[in-house]
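The data block below is entry13.txt; it holds compact mmCIF, C-alpha atoms.
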```txt
# COMPACT_ATOMS: atom_id res chain seq x y z
CA THR N 8 -24.01 0.86 -15.62
CA SER N 9 -27.14 0.92 -13.61
CA LEU N 10 -29.81 -1.72 -13.52
CA ALA N 11 -32.16 0.47 -15.52
CA LEU N 12 -29.80 0.85 -18.45
CA GLN N 13 -29.18 -2.88 -18.43
CA ASN N 14 -32.92 -3.44 -18.47
CA LEU N 15 -33.28 -1.32 -21.56
CA SER N 16 -34.33 -4.35 -23.49
CA LEU N 17 -36.55 -3.56 -26.43
CA GLU N 18 -38.59 -6.70 -26.00
CA ALA N 19 -40.01 -5.39 -22.74
CA TYR N 20 -41.85 -2.50 -24.35
CA PRO N 21 -45.10 -3.54 -26.04
CA TRP N 22 -45.76 -0.33 -27.91
CA ARG N 23 -42.85 -1.12 -30.19
CA GLU N 24 -44.06 -1.89 -33.66
CA PRO N 25 -41.55 -3.12 -36.19
CA GLU N 26 -41.77 -0.19 -38.56
CA ARG N 27 -38.91 1.06 -40.62
CA LEU N 28 -37.79 4.58 -40.11
CA VAL N 29 -39.07 6.52 -43.07
CA GLU N 30 -36.22 8.20 -44.82
CA VAL N 31 -36.64 11.89 -44.41
CA ARG N 32 -35.60 13.97 -47.35
CA PRO N 33 -34.31 17.49 -46.94
CA ARG N 34 -36.80 20.25 -47.39
CA ALA N 35 -36.09 22.80 -50.05
CA ILE N 36 -38.46 25.21 -48.35
CA ASP N 37 -38.23 28.79 -47.37
CA GLN N 38 -38.74 29.42 -43.72
CA SER N 39 -41.58 31.89 -43.98
CA SER N 40 -44.81 30.84 -42.40
CA THR N 41 -46.72 31.14 -45.64
CA ALA N 42 -44.74 28.35 -47.23
CA ARG N 43 -46.43 25.02 -46.86
CA PRO N 44 -44.28 22.02 -47.60
CA SER N 45 -45.91 18.90 -48.87
CA MET N 46 -46.26 16.48 -46.05
CA THR N 47 -46.51 13.44 -48.27
CA THR N 48 -42.73 13.25 -48.40
CA PHE N 49 -42.56 12.69 -44.70
CA TYR N 50 -45.65 10.83 -43.92
CA GLY N 51 -44.81 7.27 -44.80
CA ALA N 52 -45.17 5.49 -41.50
CA GLY N 53 -48.59 6.81 -40.62
CA ASN N 54 -49.50 8.14 -37.27
CA GLY N 55 -49.74 5.17 -35.05
CA GLY N 56 -46.70 3.06 -35.31
CA PHE N 57 -43.72 5.29 -35.50
CA ASP N 58 -41.08 3.50 -33.58
CA ALA N 59 -37.89 5.23 -32.65
CA SER N 60 -36.35 2.29 -30.90
CA ALA N 61 -36.48 -0.32 -33.65
CA SER N 62 -35.17 2.04 -36.24
CA GLN N 63 -32.31 3.12 -34.14
CA PHE N 64 -31.19 -0.32 -33.18
CA ALA N 65 -31.99 -2.27 -36.29
CA GLY N 66 -31.86 0.25 -39.06
CA GLY N 67 -28.67 1.86 -37.93
CA GLY N 68 -30.64 5.02 -37.33
CA PHE N 69 -28.72 6.39 -34.44
CA MET N 70 -25.39 4.69 -34.89
CA PRO N 71 -22.60 7.14 -35.50
CA SER N 72 -21.09 6.28 -38.84
CA GLN N 73 -17.54 5.06 -38.73
CA GLY N 74 -16.38 7.60 -41.23
CA ALA N 75 -17.86 10.64 -39.53
CA THR N 76 -15.58 13.63 -39.71
CA ALA N 77 -15.02 15.41 -36.48
CA GLY N 78 -15.22 19.14 -36.10
CA GLY N 79 -17.22 19.74 -39.22
CA SER N 80 -19.81 21.95 -37.63
CA ALA N 81 -18.59 25.08 -39.37
CA GLN N 82 -19.70 23.87 -42.77
CA LYS N 83 -23.13 24.63 -44.09
CA ARG N 84 -24.78 21.37 -45.00
CA SER N 85 -26.77 21.63 -48.16
CA THR N 86 -26.58 18.09 -49.51
CA TYR N 87 -28.47 15.12 -48.22
CA ASP N 88 -26.17 12.42 -46.90
CA SER N 89 -28.17 9.29 -46.22
CA LYS N 90 -25.30 7.50 -44.53
CA ASN N 91 -25.02 10.18 -41.89
CA GLN N 92 -28.70 10.63 -41.07
CA THR N 93 -29.35 9.56 -37.53
CA LEU N 94 -32.39 9.41 -35.28
CA ARG N 95 -31.44 10.44 -31.79
CA ALA N 96 -33.34 10.78 -28.55
CA PHE N 97 -32.83 14.03 -26.64
CA THR N 98 -34.02 16.05 -23.73
CA ILE N 99 -35.03 19.60 -24.56
CA LYS N 100 -32.19 20.78 -22.32
CA GLN N 101 -29.68 19.01 -24.57
CA LEU N 102 -31.05 20.80 -27.62
CA TYR N 103 -31.02 24.12 -25.79
CA ASP N 104 -27.38 23.64 -24.84
CA ALA N 105 -26.48 22.68 -28.40
CA ALA N 106 -28.31 25.73 -29.79
CA SER N 107 -26.55 28.01 -27.32
CA ALA N 108 -23.16 26.64 -28.29
CA THR N 109 -23.28 27.66 -31.94
CA ALA N 110 -24.39 30.46 -34.23
CA ASP N 111 -24.91 27.83 -36.92
CA ASP N 112 -28.21 26.35 -37.93
CA GLN N 113 -26.63 22.90 -37.69
CA LEU N 114 -26.68 21.59 -34.14
CA SER N 115 -24.20 19.17 -32.69
CA VAL N 116 -24.57 17.10 -29.51
CA ASP N 117 -21.87 14.84 -28.09
CA GLY N 118 -19.65 15.62 -31.01
CA ARG N 119 -22.02 14.55 -33.74
CA ASP N 120 -24.44 16.43 -35.91
CA VAL N 121 -28.09 16.35 -35.03
CA THR N 122 -30.32 15.32 -37.92
CA ASN N 123 -33.53 13.56 -36.91
CA VAL N 124 -34.67 14.01 -33.36
CA THR N 125 -37.17 12.29 -31.13
CA LEU N 126 -38.58 13.95 -28.03
CA VAL N 127 -41.10 12.82 -25.43
CA GLY N 128 -42.98 15.46 -23.51
CA LYS N 129 -46.24 16.75 -22.15
CA ILE N 130 -48.25 19.16 -24.27
CA THR N 131 -48.74 22.37 -22.34
CA ALA N 132 -50.16 24.59 -25.08
CA VAL N 133 -51.85 24.09 -28.44
CA GLU N 134 -52.30 26.65 -31.17
CA GLU N 135 -54.20 25.41 -34.19
CA GLN N 136 -53.91 27.41 -37.36
CA ASN N 137 -55.18 26.71 -40.83
CA LEU N 138 -52.15 24.97 -42.23
CA VAL N 139 -50.15 24.18 -39.14
CA SER N 140 -50.59 23.31 -35.48
CA ILE N 141 -48.09 24.54 -32.95
CA TYR N 142 -47.65 22.57 -29.74
CA THR N 143 -45.59 23.45 -26.74
CA LEU N 144 -43.84 20.33 -25.51
CA ASP N 145 -42.58 20.19 -21.94
CA ASP N 146 -40.38 17.28 -20.92
CA GLY N 147 -39.47 18.57 -17.47
CA THR N 148 -36.07 19.79 -18.69
CA GLY N 149 -37.49 22.62 -20.77
CA THR N 150 -40.17 23.55 -23.26
CA MET N 151 -39.95 23.54 -27.05
CA LEU N 152 -42.28 24.80 -29.72
CA THR N 153 -43.24 22.04 -32.07
CA LYS N 154 -44.76 22.72 -35.47
CA TYR N 155 -46.85 20.14 -37.21
CA TRP N 156 -47.93 20.85 -40.77
CA ILE N 157 -51.42 19.63 -41.57
CA PRO N 158 -51.08 16.97 -44.28
CA GLU N 159 -52.52 17.63 -47.70
CA GLN N 160 -54.46 14.39 -47.44
CA ASP N 161 -56.19 15.38 -44.26
CA ASP N 162 -58.72 12.64 -43.59
CA ALA N 163 -60.94 11.73 -40.67
CA LEU N 164 -58.39 9.36 -39.13
CA GLU N 165 -55.71 12.04 -39.27
CA ARG N 166 -58.04 14.56 -37.64
CA GLN N 167 -58.95 12.05 -34.98
CA HIS N 168 -55.30 11.54 -34.10
CA ARG N 169 -54.72 15.27 -33.91
CA ALA N 170 -57.68 15.65 -31.60
CA GLU N 171 -55.83 13.50 -29.07
CA TRP N 172 -52.92 15.92 -28.84
CA ARG N 173 -54.35 18.07 -26.12
CA VAL N 174 -52.92 20.00 -23.20
CA GLY N 175 -51.89 17.63 -20.42
CA VAL N 176 -51.11 14.54 -22.50
CA TYR N 177 -47.72 13.02 -23.23
CA VAL N 178 -46.69 12.59 -26.85
CA ARG N 179 -43.68 11.42 -28.76
CA ALA N 180 -42.55 13.69 -31.57
CA HIS N 181 -40.10 12.94 -34.36
CA GLY N 182 -38.69 15.70 -36.50
CA HIS N 183 -35.95 18.17 -37.27
CA VAL N 184 -34.77 21.14 -35.32
CA ASN N 185 -35.46 24.15 -37.49
CA HIS N 186 -34.19 27.65 -37.24
CA PHE N 187 -36.82 30.33 -37.76
CA ASN N 188 -36.75 34.01 -36.81
CA ARG N 189 -33.71 33.50 -34.60
CA GLU N 190 -35.57 30.78 -32.72
CA LYS N 191 -35.06 27.06 -32.77
CA MET N 192 -38.12 24.87 -32.89
CA LEU N 193 -39.00 21.33 -33.69
CA VAL N 194 -40.70 20.70 -37.01
CA ALA N 195 -42.38 17.39 -36.38
CA PHE N 196 -43.11 14.96 -39.17
CA ASN N 197 -44.76 12.59 -36.74
CA ILE N 198 -46.48 12.94 -33.41
CA ARG N 199 -47.92 10.02 -31.48
CA LEU N 200 -49.96 9.93 -28.31
CA ILE N 201 -48.25 8.00 -25.54
CA THR N 202 -50.48 5.37 -24.01
CA ASP N 203 -47.99 3.27 -22.08
CA HIS N 204 -46.20 5.73 -19.84
CA ASN N 205 -43.25 3.43 -19.37
CA GLU N 206 -42.28 5.00 -22.68
CA VAL N 207 -41.64 8.24 -20.80
CA THR N 208 -39.14 6.43 -18.57
CA TYR N 209 -37.73 4.63 -21.59
CA HIS N 210 -37.06 7.88 -23.41
CA GLY N 211 -35.26 9.40 -20.44
CA LEU N 212 -33.06 6.34 -20.13
CA GLN N 213 -32.49 6.32 -23.87
CA THR N 214 -31.12 9.87 -23.86
CA ILE N 215 -28.65 8.82 -21.16
CA PHE N 216 -27.75 5.62 -22.96
CA GLN N 217 -27.08 7.35 -26.26
CA HIS N 218 -25.08 10.08 -24.56
CA LEU N 219 -22.96 7.43 -22.85
CA HIS N 220 -22.43 5.54 -26.04
CA LEU N 221 -21.33 8.56 -28.00
CA THR N 222 -19.06 9.91 -25.30
CA ARG N 223 -17.55 6.70 -24.03
CA GLY N 224 -18.23 4.00 -26.56
CA LEU N 225 -19.40 0.52 -25.76
CA PRO N 226 -16.94 -2.22 -24.87
CA ALA N 227 -16.50 -4.64 -27.75
CA ALA N 228 -18.46 -7.87 -27.42
CA ASP N 229 -19.63 -6.92 -23.95
CA ALA N 230 -21.75 -9.69 -22.52
CA THR N 231 -23.47 -7.34 -20.12
CA ALA N 232 -24.60 -4.85 -22.76
CA PRO N 233 -28.38 -4.39 -22.90
CA ALA N 234 -30.06 -7.22 -24.72
CA GLY N 235 -31.83 -4.95 -27.16
CA ALA N 236 -28.65 -3.17 -28.03
CA ALA N 237 -27.04 -6.28 -29.41
CA VAL N 238 -29.27 -6.11 -32.47
CA GLY N 239 -27.87 -2.98 -34.04
CA TYR N 240 -24.71 -2.65 -32.06
CA GLY N 241 -23.21 -6.03 -32.78
CA ALA N 242 -20.70 -5.10 -35.43
CA ALA N 243 -20.29 -1.48 -34.58
CA ALA N 244 -19.90 -1.79 -30.85
CA GLY N 245 -16.42 -1.18 -29.66
CA PRO N 246 -13.90 1.63 -29.63
CA LEU N 247 -14.90 4.90 -31.21
CA PRO N 248 -13.67 5.64 -34.73
CA GLY N 249 -9.95 6.24 -34.96
CA ALA N 250 -9.09 4.38 -31.77
CA THR N 251 -6.14 2.02 -31.60
CA ALA N 252 -7.81 -0.43 -29.21
CA VAL N 253 -4.86 -0.95 -26.91
CA ALA N 254 -5.78 -3.67 -24.45
CA GLY N 255 -6.17 -2.51 -20.88
CA LEU N 256 -7.10 1.08 -21.74
CA THR N 257 -10.60 2.45 -21.40
CA PRO N 258 -12.42 3.38 -24.61
CA VAL N 259 -11.83 7.06 -23.86
CA LEU N 260 -8.07 6.63 -23.41
CA ASN N 261 -7.95 4.54 -26.56
CA ASP N 262 -9.83 7.24 -28.39
CA VAL N 263 -7.49 10.00 -27.22
CA LEU N 264 -4.43 7.88 -27.98
CA GLY N 265 -5.86 7.27 -31.43
CA LEU N 266 -6.21 10.99 -31.96
CA PHE N 267 -2.58 11.56 -31.01
CA HIS N 268 -1.58 8.85 -33.48
CA ALA N 269 -3.75 10.31 -36.21
CA ILE N 270 -2.59 13.91 -35.83
CA GLY N 271 0.93 13.56 -34.50
CA GLY N 272 2.11 10.07 -35.29
CA GLN N 273 4.28 11.33 -38.11
CA ASN N 274 5.41 14.62 -36.58
CA GLU N 275 8.64 15.06 -34.70
CA ASN N 276 6.80 16.93 -31.93
CA GLY N 277 3.66 14.84 -32.04
CA ALA N 278 0.38 16.71 -31.53
CA SER N 279 -0.67 19.46 -29.16
CA ILE N 280 -3.50 19.17 -26.68
CA SER N 281 -5.42 21.90 -28.49
CA ASP N 282 -5.04 20.03 -31.80
CA VAL N 283 -6.56 16.96 -30.23
CA VAL N 284 -9.43 18.91 -28.66
CA ALA N 285 -10.21 20.44 -32.04
CA ARG N 286 -9.97 17.16 -33.89
CA SER N 287 -12.26 15.44 -31.41
CA GLY N 288 -15.03 17.69 -32.67
CA GLY N 289 -16.24 18.77 -29.28
CA ARG N 290 -16.23 15.29 -27.88
CA TYR N 291 -13.76 16.30 -25.15
CA THR N 292 -12.87 19.42 -23.23
CA VAL N 293 -9.30 20.60 -22.75
CA GLN N 294 -9.42 19.33 -19.18
CA GLN N 295 -10.53 15.90 -20.29
CA ILE N 296 -7.70 15.65 -22.81
CA GLN N 297 -5.22 16.81 -20.18
CA ASP N 298 -6.48 14.14 -17.80
CA ALA N 299 -6.28 11.52 -20.50
CA VAL N 300 -2.74 12.61 -21.43
CA GLU N 301 -1.66 12.21 -17.83
CA ALA N 302 -3.14 8.73 -17.65
CA LEU N 303 -1.60 7.74 -20.97
CA GLN N 304 1.78 9.04 -19.88
CA ASN N 305 1.56 7.00 -16.70
CA ASP N 306 0.70 4.00 -18.78
CA GLY N 307 3.70 4.52 -21.02
CA GLN N 308 1.68 5.32 -24.14
CA LEU N 309 2.55 8.99 -24.64
CA TYR N 310 5.62 11.10 -24.00
CA SER N 311 5.98 14.86 -24.02
CA THR N 312 8.09 16.42 -26.73
CA LYS N 313 8.97 20.09 -26.98
CA ASP N 314 6.78 21.31 -24.11
CA ASP N 315 3.97 20.22 -21.84
CA GLN N 316 1.41 20.84 -24.55
CA HIS N 317 2.87 18.45 -27.10
CA TYR N 318 2.81 14.68 -26.88
CA LYS N 319 3.63 11.74 -29.11
CA PRO N 320 2.75 8.05 -28.90
CA CYS N 321 5.57 5.89 -27.59
CA ASN N 322 4.69 2.93 -29.76
CA ALA N 323 3.88 2.82 -33.42
CA LEU N 324 0.40 1.66 -34.39
CA MET V 14 -42.56 32.85 -26.61
CA GLN V 15 -39.08 31.48 -27.11
CA GLY V 16 -38.62 28.46 -29.32
CA ILE V 17 -36.67 26.54 -26.68
CA ASN V 18 -36.89 27.60 -23.06
CA ILE V 19 -35.23 26.02 -20.04
CA SER V 20 -36.05 28.69 -17.48
CA ALA V 21 -38.67 26.65 -15.62
CA PRO V 22 -37.67 23.00 -15.47
CA ALA V 23 -39.46 20.47 -13.31
CA PRO V 24 -36.98 17.66 -12.62
CA ARG V 25 -38.18 14.12 -11.94
CA VAL V 26 -37.91 13.18 -8.30
CA ASN V 27 -38.54 10.33 -5.92
CA PHE V 28 -39.15 10.72 -2.18
CA GLU V 29 -35.50 11.11 -1.31
CA LEU V 30 -34.90 13.80 -3.93
CA LEU V 31 -38.02 15.70 -2.94
CA GLY V 32 -36.28 17.04 0.13
CA GLN V 33 -33.57 18.62 -2.02
CA HIS V 34 -36.12 20.65 -3.97
CA ILE V 35 -38.05 22.55 -1.31
CA GLY V 36 -39.69 25.56 -2.90
CA LYS V 37 -38.90 24.30 -6.40
CA ARG V 38 -40.99 22.77 -9.16
CA VAL V 39 -40.71 19.05 -9.69
CA ARG V 40 -42.45 16.14 -11.40
CA LEU V 41 -43.21 13.19 -9.18
CA VAL V 42 -44.76 9.92 -10.24
CA GLY V 43 -46.42 7.92 -7.50
CA LYS V 44 -48.84 5.14 -6.84
CA VAL V 45 -52.13 6.28 -5.31
CA GLU V 46 -52.40 5.07 -1.72
CA GLY V 47 -55.30 7.22 -0.60
CA VAL V 48 -57.44 10.26 -1.31
CA GLN V 49 -59.12 12.47 1.28
CA GLY V 50 -60.91 15.38 -0.33
CA ASN V 51 -58.27 17.65 -1.77
CA SER V 52 -55.38 15.63 -0.43
CA LEU V 53 -53.74 12.72 -2.20
CA GLN V 54 -51.29 10.20 -0.78
CA LEU V 55 -48.79 8.93 -3.30
CA ARG V 56 -46.14 6.28 -2.84
CA ALA V 57 -43.06 7.53 -4.65
CA ALA V 58 -40.73 5.38 -6.71
CA ASP V 59 -38.46 4.75 -3.71
CA ASP V 60 -41.43 3.93 -1.43
CA GLY V 61 -41.71 7.17 0.53
CA ILE V 62 -45.23 8.54 0.97
CA VAL V 63 -45.83 12.04 -0.38
CA THR V 64 -48.87 14.15 0.41
CA VAL V 65 -50.18 16.12 -2.54
CA ALA V 66 -52.40 19.16 -2.15
CA LEU V 67 -54.63 18.95 -5.20
CA ARG V 68 -55.85 21.87 -7.22
CA GLY V 69 -58.80 20.03 -8.63
CA ALA V 70 -59.73 16.44 -9.24
CA ALA V 71 -56.91 13.98 -9.72
CA PRO V 72 -56.85 11.48 -12.58
CA SER V 73 -58.38 8.17 -11.63
CA ASP V 74 -55.33 6.14 -12.61
CA LEU V 75 -53.37 3.97 -10.21
CA PHE V 76 -50.15 5.80 -11.06
CA ILE V 77 -50.17 9.56 -11.33
CA GLU V 78 -47.56 12.12 -12.30
CA VAL V 79 -47.90 15.34 -10.37
CA GLU V 80 -46.16 18.50 -11.44
CA GLY V 81 -45.99 21.14 -8.76
CA THR V 82 -44.05 22.95 -6.07
CA VAL V 83 -42.43 21.23 -3.11
CA ASP V 84 -43.81 22.58 0.17
CA SER V 85 -41.89 20.30 2.52
CA PRO V 86 -39.81 17.12 2.34
CA THR V 87 -43.05 15.13 2.27
CA ALA V 88 -45.51 17.46 0.59
CA LEU V 89 -46.17 18.70 -2.90
CA ARG V 90 -48.62 21.31 -4.14
CA GLU V 91 -50.15 20.31 -7.44
CA GLU V 92 -50.12 22.53 -10.53
CA SER V 93 -51.13 19.83 -12.94
CA SER V 94 -51.32 16.06 -13.01
CA THR V 95 -51.34 13.32 -15.62
CA GLY V 96 -52.56 9.77 -15.36
CA PHE V 97 -49.83 7.19 -15.87
CA GLY V 98 -52.08 4.16 -16.14
CA SER V 99 -52.08 1.05 -14.02
CA ASN V 100 -49.01 -0.66 -15.41
CA PHE V 101 -45.99 1.48 -14.65
CA ASP V 102 -42.55 0.18 -13.77
CA MET V 103 -41.52 2.10 -10.66
CA ALA V 104 -38.13 0.45 -10.35
CA ASN V 105 -36.98 1.65 -13.76
CA TYR V 106 -38.48 5.04 -13.07
CA ASN V 107 -36.62 5.26 -9.78
CA GLU V 108 -33.37 4.56 -11.60
CA LEU V 109 -34.12 7.33 -14.06
CA CYS V 110 -34.76 9.77 -11.19
CA LYS V 111 -31.43 8.92 -9.62
CA LEU V 112 -29.47 8.98 -12.87
CA SER V 113 -30.94 12.32 -13.91
CA HIS V 114 -29.74 13.93 -10.68
CA GLY V 115 -26.41 12.21 -10.53
CA GLU V 116 -23.83 11.85 -13.20
CA PHE V 117 -26.17 12.81 -16.03
CA ARG V 118 -27.68 15.87 -14.43
CA PRO V 119 -26.42 18.20 -17.23
CA LEU V 120 -28.72 16.43 -19.67
CA PHE V 121 -31.73 17.31 -17.53
CA VAL V 122 -31.16 20.41 -15.48
```
Please render this file's structure as structure tokens.
Amino acid sequence: TSLALQNLSLEAYPWREPERLVEVRPRAIDQSSTARPSMTTFYGAGNGGFDASASQFAGGGFMPSQGATAGGSAQKRSTYDSKNQTLRAFTIKQLYDAASATADDQLSVDGRDVTNVTLVGKITAVEEQNLVSIYTLDDGTGTMLTKYWIPEQDDALERQHRAEWRVGVYVRAHGHVNHFNREKMLVAFNIRLITDHNEVTYHGLQTIFQHLHLTRGLPAADATAPAGAAVGYGAAAGPLPGATAVAGLTPVLNDVLGLFHAIGGQNENGASISDVVARSGGRYTVQQIQDAVEALQNDGQLYSTKDDQHYKPCNAL
Amino acid sequence: MQGINISAPAPRVNFELLGQHIGKRVRLVGKVEGVQGNSLQLRAADDGIVTVALRGAAPSDLFIEVEGTVDSPTALREESSTGFGSNFDMANYNELCKLSHGEFRPLFV
């Protein structure tokens, strides 16, 4: 990985304040604009010190949970599952692609559900209403409407912070992607002015880093992994869930082999490529599975059974 | 206006990438090397010098991000600009520019 990703050490970034990610509870609100949810539920960390990086590395915020079910995007989620809440960094383009890929309200990126989101972008428009302010955030990959509900306890300090969120400045926003009137927008529970613009670079690198981690996994006990990552990644780093960790195979091949074991280990004909694509929950395309199958065959890990769509592991787990 | 809109992106570029975006909108961060009236000289993250035709006054910071249209492989026409302070890591930023146009382009464009 490039020098920049290796330099993604948290200690280098002074704006980091060691604040815990406030647990965000689901909103039993109706989506009409006249509804005004209480902001006190969301407003724990205050405006200044909301730190995406510490929470994701130390609090397990962004780590994909080991027990995550793949391919569950068809279900409507109505219950709050604290173990599966994540805080993930995205570009607006990633959210656009995820929204275009489903008719669901629940978005999924890199095979995992999107819960809490952090974006960094420049404000290009502000619309202040009585109860809510609507900002247009532009991160160079796209623009996204961002709603910020004025807190019930609206004091001078809060108003002062809001005054800083003007056209032309960079801010970091944390929130949920909400679906409203056939549009997706960000409902932000926290917005913070960016003062050290290295944070803009940091966020871009973070989106890449997280994407890499979720699509390829991190090598176990990798001495060259970014220093900051060791904090939260220590125990969980390694092959993706379900992998068999065969030595000498890449994390992706291990993952695919694991899927063949899981689905077809007990079947006479093993598993089909389309089964594996479905079970991977969008993590891989058909082409990627086909490529992996070819590599695994060459390595003596899989053999074809009844046709060239069905394969079975050569060795038992 | 649409909730999410990707119809007018402005990808991050350095000097080398500028040439691949003639006529397109980009975001370039550079270190101020000189100002002459409406013209700004910025040193891009990979050291190339870019001439920026300013719309108005530029921020007074040492590092500036300019969003605008590429006129030539060395020139940019400003639409808007943002001050990036005096303490900006150009090496890391350069890596981000390269990564966002290479393997990870789908995340950005």
Identify the residues within 12 Å of coordinate (-0.4, 15.8, -37.7) (same frame as the file), considering only C-alpha atoms, and give the answer as a PyMOL selection string. chain N and resi 265-280+282-283+286+317-319
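The shell of residues at most 8 Å from V:Gly36, with only C-alpha atoms counted and near chain neighbours (fewer than 6 positions) removed, consists of V:Thr82, V:Val83, V:Asp84, V:Ser85.
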Using all atoms listed in the file, find the residues of chain N whose closest atom to chain V is at most 8 Å away, then write them as a PyMOL selection string. chain N and resi 9-11+98-101+103+147-152+175-176+190-192+203-205+208+211-212+215
Near stretch 57-74 of chain V, within 6 Å and counting only C-alpha atoms, which residues show up once chain neighbours fewer than 5 positions away are dropped, as a VMD selection string? chain V and resid 27 to 28 43 51 to 52 87 to 91 96 98 103 107
So how far away is atom CA of N:Ile201 from atom CA of N:Val178, in Å? 5.0 Å
Near stretch 123-140 of chain N, within 6 Å and counting only C-alpha atoms, which residues show up once chain neighbours fewer than 4 positions away are dropped, as a PDB file with C-alpha atoms, in the coordinates of the input?
```pdb
ATOM      1  CA  THR N  93     -29.350   9.560 -37.530  1.00  0.00           C
ATOM      2  CA  LEU N  94     -32.390   9.410 -35.280  1.00  0.00           C
ATOM      3  CA  ARG N  95     -31.440  10.440 -31.790  1.00  0.00           C
ATOM      4  CA  ALA N  96     -33.340  10.780 -28.550  1.00  0.00           C
ATOM      5  CA  PHE N  97     -32.830  14.030 -26.640  1.00  0.00           C
ATOM      6  CA  LEU N 144     -43.840  20.330 -25.510  1.00  0.00           C
ATOM      7  CA  ASP N 145     -42.580  20.190 -21.940  1.00  0.00           C
ATOM      8  CA  ASP N 146     -40.380  17.280 -20.920  1.00  0.00           C
ATOM      9  CA  LYS N 154     -44.760  22.720 -35.470  1.00  0.00           C
ATOM     10  CA  TYR N 155     -46.850  20.140 -37.210  1.00  0.00           C
ATOM     11  CA  TRP N 156     -47.930  20.850 -40.770  1.00  0.00           C
ATOM     12  CA  ILE N 157     -51.420  19.630 -41.570  1.00  0.00           C
ATOM     13  CA  VAL N 174     -52.920  20.000 -23.200  1.00  0.00           C
ATOM     14  CA  GLY N 175     -51.890  17.630 -20.420  1.00  0.00           C
ATOM     15  CA  VAL N 176     -51.110  14.540 -22.500  1.00  0.00           C
ATOM     16  CA  TYR N 177     -47.720  13.020 -23.230  1.00  0.00           C
ATOM     17  CA  VAL N 178     -46.690  12.590 -26.850  1.00  0.00           C
ATOM     18  CA  ARG N 179     -43.680  11.420 -28.760  1.00  0.00           C
ATOM     19  CA  ALA N 180     -42.550  13.690 -31.570  1.00  0.00           C
ATOM     20  CA  HIS N 181     -40.100  12.940 -34.360  1.00  0.00           C
ATOM     21  CA  GLY N 182     -38.690  15.700 -36.500  1.00  0.00           C
ATOM     22  CA  HIS N 183     -35.950  18.170 -37.270  1.00  0.00           C
TER      23      HIS N 183
END
```
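Among the candidate residues N:Asp315, N:Arg199, N:Tyr142, N:Val184, the one lying nearest to N:Gln167 is N:Arg199, with distances computed using all atoms listed in the file.
What separates atom CA of N:Arg290 from atom CA of N:Ala195 is a distance of 27.6 Å.
Note that atom CA of N:Ala163 and atom CA of N:Glu206 are 26.8 Å apart.
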Would you mind writing stretch 42-50 of chain V with N, CA, C and O atoms, as an mmCIF file, in the coordinates of the input?
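Saved result, out11.cif, follows:
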```cif
data_model
loop_
_atom_site.group_PDB
_atom_site.id
_atom_site.type_symbol
_atom_site.label_atom_id
_atom_site.label_comp_id
_atom_site.auth_asym_id
_atom_site.auth_seq_id
_atom_site.Cartn_x
_atom_site.Cartn_y
_atom_site.Cartn_z
ATOM 1 N N VAL V 42 -43.804 10.964 -9.892
ATOM 2 C CA VAL V 42 -44.760 9.920 -10.240
ATOM 3 C C VAL V 42 -44.936 9.040 -9.022
ATOM 4 O O VAL V 42 -43.961 8.634 -8.393
ATOM 5 N N GLY V 43 -46.184 8.764 -8.659
ATOM 6 C CA GLY V 43 -46.420 7.920 -7.500
ATOM 7 C C GLY V 43 -47.634 7.050 -7.679
ATOM 8 O O GLY V 43 -48.496 7.301 -8.539
ATOM 9 N N LYS V 44 -47.703 6.062 -6.842
ATOM 10 C CA LYS V 44 -48.840 5.140 -6.840
ATOM 11 C C LYS V 44 -49.837 5.660 -5.819
ATOM 12 O O LYS V 44 -49.466 5.992 -4.692
ATOM 13 N N VAL V 45 -51.104 5.730 -6.210
ATOM 14 C CA VAL V 45 -52.130 6.280 -5.310
ATOM 15 C C VAL V 45 -52.349 5.338 -4.141
ATOM 16 O O VAL V 45 -52.678 4.160 -4.320
ATOM 17 N N GLU V 46 -52.162 5.870 -2.921
ATOM 18 C CA GLU V 46 -52.400 5.070 -1.720
ATOM 19 C C GLU V 46 -53.688 5.491 -1.038
ATOM 20 O O GLU V 46 -54.306 4.695 -0.341
ATOM 21 N N GLY V 47 -54.064 6.764 -1.242
ATOM 22 C CA GLY V 47 -55.300 7.220 -0.600
ATOM 23 C C GLY V 47 -55.672 8.621 -1.040
ATOM 24 O O GLY V 47 -54.826 9.397 -1.462
ATOM 25 N N VAL V 48 -56.953 8.911 -0.988
ATOM 26 C CA VAL V 48 -57.440 10.260 -1.310
ATOM 27 C C VAL V 48 -58.377 10.696 -0.195
ATOM 28 O O VAL V 48 -59.269 9.947 0.197
ATOM 29 N N GLN V 49 -58.167 11.895 0.340
ATOM 30 C CA GLN V 49 -59.120 12.470 1.280
ATOM 31 C C GLN V 49 -59.433 13.878 0.814
ATOM 32 O O GLN V 49 -58.641 14.796 1.028
ATOM 33 N N GLY V 50 -60.520 14.050 0.149
ATOM 34 C CA GLY V 50 -60.910 15.380 -0.330
ATOM 35 C C GLY V 50 -59.889 15.931 -1.297
ATOM 36 O O GLY V 50 -59.633 15.356 -2.354
#
```
